[in-house]
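Heads up: the structure comes next, in structure tokens.
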Amino acid sequence: MDKRKNTASHLLARFRGLIQAAATLATNIHLPNFAKGGIYQGAGKAVCVPGLNCYSCPAASGACPIGSFQSVVGSSKFSFSYYVTGTLILIGVLLGRFVCGFLCPFGWLQELFHKIPSKKLSTKKLKPLTYIKYAVLLFAVVLLPVLVVNDVGMGDPFFCKYICPQGVLEGAIPLSIMNVGIRSALGKLFSWKLAILIVVAVLSVLFYRPFCKWICPLGAFYALMNKVSLLGIRVDHCKCVSCGKCVKVCQMDVDVTRTPDHAECIRCGKCVGACPVDAISFRYGLGLTGDKPAQSTQACENK
Amino acid sequence: MFKAIKPVAQVALLIVGVAMVGFGIKRGEADAVLAKAIRLCLECIGIG
């Protein structure tokens with residue numbers, strides 16, 4: 001067996017699907033609740049999970065960070081959430097968008113949809129759409145729940161209420177199957193959000209991770225943290241032969257040889273597996289940068 | 001220049017993150033999150 005293919009980086013990239021499945025299960029561990037038609041109400045729900053996972057999912061182990069932020073700032077008592085923001089900063093610094101690539105259930109779902117055989121479309125020319133998610137984060141998650149309030153000073157969780165498809169998939173659908181009261185209460189808002197879910201599902205078949213690229217406010221936050229996260233991608237320019245295979249295999253439209261800490265890199269590791277000379281690897285630590293700068297030929301030879 | 005300040009920024013953010021979590025818990029935000037998360041979120045499931 002080729003020894004180089006068993007490095008930690010290669011193993012991480014190779015077993016990513018398994019890790020995603022395990023993370024989805026860990027994030028939704030209370031599976032019997034699907035049959036009960038209720039949600040988990042234990043103390044674990046005070047802790048935010050790292051990915052986008054609705055806390056109204058019957059099996060949800062913890063709280064959705066985006067939903068939690070909105071619920072805290074939308075309450076009459078607080079206008080900002082230090083607890084949730086601090087949690088996201090910690091996760092962002094420790095992992096960055098590794099969360100998107102390995103731990104987020106909705107990211108995994110989109111990848112599963114993308115495996116459905118169909119014509120696949122490139123998002124290379126749609127890069128401007130990636131800025132929409134920052135607007136969703138700023139307006140739907142941060143500002144509107146604080147600014148648009150009712151008579152008692154409470155604001156709606158705008159992203160959860162009007163945009164998030166995960167709430168319909170994980171919450172509305174399983175709960176309405178088991179609970180006739182919930183089923184009879186579903187109306188126009190549910191229809192709107194179901195339409196969003198269907199559109200995201202269809203787009204996921206055609207494009208790679210469209211929700212992650214264009215809409216997800218959690219991905220937007222972690223994207224901002226990619227430049228300072230301890231986990232990143234390193235490119236050894238002494239080994240790199242500029243074959244371009246890493247660029248070709250990247251479905252997030254990132255040139256890892258030029259911008260290994262790009263905001264759109266979800267650390268999936270496909271470039272690690274594609275590189276014929278093992279120039280690309282995961283790195284973890286303080287102060288480590290993505291590049292080993294192109295040294296002189298002599299310096300590379302002396303290595 | 002960013003390479004020089006990156007480790008400083010990382011440590012600073014880790015400290016800020018821990019401090020914010022602690023402050024948030026102290027002023028009752030974790031209780032607020034729990035109170036919301038253990039109840040069915042009608043907005044999330046499309047009932048409003």
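How things are named: the first chain in the structure tokens is A, the next is B, and so on; residues count from 1 in each chain; ligands count from 1 in the order shown.
Residues in contact with Phe2 in chain B at 10 Å, where only C-alpha atoms are counted and same-chain residues fewer than 3 positions away are skipped, are listed as Lys227, Val228, Gly287 and Thr289 of chain A; Ile5, Lys6, Pro7, Val8 and Ala9 of chain B.
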Give me, as a Markdown table, the closest atom pair and its distance (Å, one decimal) for every residue of chain A within a cut-off of 7 Å of chain B, counting only C-alpha atoms, rows sorted by chain and rising number.
| residue | atom | partner | partner_atom | distance |
| --- | --- | --- | --- | --- |
| A:Tyr40 | CA | B:Ile38 | CA | 6.6 |
| A:Gln41 | CA | B:Ile38 | CA | 4.5 |
| A:Lys45 | CA | B:Leu34 | CA | 5.5 |
| A:Ala46 | CA | B:Leu34 | CA | 4.3 |
| A:Tyr55 | CA | B:Ala37 | CA | 5.6 |
| A:Ser56 | CA | B:Leu40 | CA | 5.6 |
| A:Ala63 | CA | B:Ala37 | CA | 5.9 |
| A:Ser68 | CA | B:Val33 | CA | 5.6 |
| A:Ser71 | CA | B:Lys36 | CA | 7.0 |
| A:Val72 | CA | B:Ala32 | CA | 6.4 |
| A:Ser81 | CA | B:Gly24 | CA | 6.7 |
| A:Tyr82 | CA | B:Gly24 | CA | 4.8 |
| A:Tyr83 | CA | B:Gly24 | CA | 4.2 |
| A:Gly86 | CA | B:Gly17 | CA | 4.1 |
| A:Thr87 | CA | B:Val21 | CA | 6.2 |
| A:Ile89 | CA | B:Gly17 | CA | 5.4 |
| A:Leu90 | CA | B:Gly17 | CA | 5.3 |
| A:Val93 | CA | B:Gln10 | CA | 6.7 |
| A:Cys160 | CA | B:Cys44 | CA | 5.0 |
| A:Lys161 | CA | B:Glu43 | CA | 4.6 |
| A:Gly167 | CA | B:Cys44 | CA | 5.0 |
| A:Val168 | CA | B:Ile45 | CA | 5.2 |
| A:Gly171 | CA | B:Ile45 | CA | 5.6 |
| A:Ala172 | CA | B:Ile45 | CA | 4.5 |
| A:Ala185 | CA | B:Ile47 | CA | 6.4 |
| A:Leu186 | CA | B:Ile47 | CA | 5.5 |
| A:Gly187 | CA | B:Ile47 | CA | 6.7 |
| A:Leu189 | CA | B:Gly46 | CA | 5.0 |
| A:Phe190 | CA | B:Gly46 | CA | 4.1 |
| A:Lys193 | CA | B:Gly46 | CA | 6.7 |
| A:Val228 | CA | B:Gln10 | CA | 6.0 |
| A:Leu286 | CA | B:Pro7 | CA | 5.4 |
| A:Gly287 | CA | B:Pro7 | CA | 4.1 |
| A:Thr289 | CA | B:Lys3 | CA | 6.8 |
Just the residues within 6 Å of range 261-278 of chain A, please, counting only C-alpha atoms, with nothing from its chain fewer than 4 positions along; format it as a PDB file with C-alpha atoms, in the first residue's frame.
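That gives us part03.pdb:
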ATOM      1  CA  ALA A  13     -10.375  13.335   3.641  1.00  0.00           C
ATOM      2  CA  ARG A  97     -15.343  26.097   7.996  1.00  0.00           C
ATOM      3  CA  PHE A  98     -14.211  22.578   8.836  1.00  0.00           C
ATOM      4  CA  CYS A 100     -19.261  23.084   7.128  1.00  0.00           C
ATOM      5  CA  GLY A 101     -17.196  20.387   5.490  1.00  0.00           C
ATOM      6  CA  ALA A 223     -16.146  31.972   6.510  1.00  0.00           C
ATOM      7  CA  ASN A 226     -11.323  30.927   8.110  1.00  0.00           C
ATOM      8  CA  LYS A 227      -8.398  33.325   8.004  1.00  0.00           C
ATOM      9  CA  CYS A 246      -6.443  20.605  -6.834  1.00  0.00           C
TER      10      CYS A 246
END
*DSSP on the backbone, then: every residue of range 41-263 of chain A marked strand (DSSP E or B), written as a PyMOL selection string.*
chain A and resi 48+63+149+155+231-236
_Which of range 157-300 of chain A fall in alpha helix (DSSP H), as a PyMOL selection string_ = chain A and resi 158-162+166+173-178+180-185+188-206+210-214+217-225+245-249+270-274+297-300
*Find the residues near range 113-117 of chain A: any atom within 6 Å, counting only C-alpha atoms, skip ones fewer than 2 places away on the same chain, and give them as a count of residues only.*
4
